[in-house]
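Engineer: Structure incoming, see below.
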Amino acid sequence: MNKHLLAAYRYTTNNWAQIQASKQCGCCNCVEIFPADEIVGWTGLDMTNMDDPAAIDQQTAMCPRCGTEAVLGDKTGYPINAQFLGSMNEAWFQQTLIRPTRPKAP
C-alpha cells in the first residue's frame, strides 16, 4: 500500500481539532467533498467523558453524507479532491482479502 495513503488515513480518527481548523473536508468512503461546518456527527464521547477536554479533542468526525468515520480535512495537507479521495477509497474500502484455506485438523 502507498505509504502516503497510510499516513493520510491516520487523520481520519481522533480528528476533532484538525476538522475544526479545516475549511473543506472529504470522505474516503463516499468520496464526497463538503465544507467542514457541515459535520455535526462525532464519535468518541459518552456520559463518562463528555466533560473531559482530552476526550473532546479525540472525537472522530462522521461524514454528513454517508455517516462513516472516514473524513479528512484540508488542514492535513493532503489534497481534498476526487482523485485523492478515490485512491483512499480504493485502498481502504475496496480491498478484498482472500486468504488460502487451511486444511481442517483431523
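Every chain in the C-alpha cells has a letter given in the order shown (A, B, ...), and although residue numbers restart at 1 in each chain, ligands are simply numbered from 1 in the order shown.
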Residues of segment 67-106 of chain A that approach segment 5-20 of chain A to 12 Å or less, counting only C-alpha atoms: could you list each one with the shortest pair of atoms and its distance in Å to one decimal, rows by chain and increasing residue number, as a tab-separated table?
Structural biologist:
residue	atom	partner	partner_atom	distance
A:Thr68	CA	A:Thr12	CA	10.0
A:Glu69	CA	A:Thr12	CA	6.7
A:Ala70	CA	A:Thr12	CA	5.1
A:Val71	CA	A:Thr12	CA	5.2
A:Leu72	CA	A:Thr12	CA	5.6
A:Gly73	CA	A:Ile19	CA	5.3
A:Asp74	CA	A:Ile19	CA	8.0
A:Lys75	CA	A:Gln18	CA	6.1
A:Thr76	CA	A:Gln18	CA	7.1
A:Gly77	CA	A:Ala8	CA	9.0
A:Tyr78	CA	A:Ala8	CA	7.0
A:Pro79	CA	A:Ala8	CA	9.8
A:Ile80	CA	A:Ala8	CA	11.0
A:Phe84	CA	A:Leu5	CA	8.7
A:Leu85	CA	A:Leu5	CA	9.6
A:Gly86	CA	A:Leu5	CA	10.8
A:Ser87	CA	A:Leu5	CA	7.8
A:Met88	CA	A:Leu5	CA	6.2
A:Asn89	CA	A:Leu5	CA	9.8
A:Glu90	CA	A:Leu5	CA	10.2
A:Ala91	CA	A:Leu5	CA	7.6
A:Trp92	CA	A:Tyr9	CA	8.5
A:Phe93	CA	A:Tyr9	CA	11.5
Engineer: What's the 10 Å shell around segment 42-52 of chain A, counting only C-alpha atoms, without same-chain residues fewer than 2 positions away, as a list in words?
Structural biologist: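 Within the cut-off, the hits are Thr13, Asn14, Asn15, Trp16, Ile39, Val40, Ala54, Ala55, Ile56, Asp57, Gln58, Gln59, Thr60, Ala61, Met62, Cys63, Gly67 and Glu69 of chain A.
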Engineer: Within chain A, find each residue whose DSSP state, derived from the backbone, is strand (DSSP E), and express the selection as a list in words.
Structural biologist: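 Output for chain A, strand (DSSP E) only: Gln24, Cys25, Gly26, Cys27, Ile33, Phe34, Pro35, Trp42, Thr43, Thr60, Ala61, Val71, Leu72 and Gly73 of chain A.
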Engineer: For the helix (DSSP H, G or I) assignment from backbone DSSP, which residues of segment 24-80 of chain A qualify? Please present them as number ranges by chain.
Structural biologist: A: 36-38, 53-57, 74-76
Engineer: Do you have the atom CA of Pro53 of chain A-atom CA of Cys25 of chain A distance handy?
Structural biologist: 23.4 Å
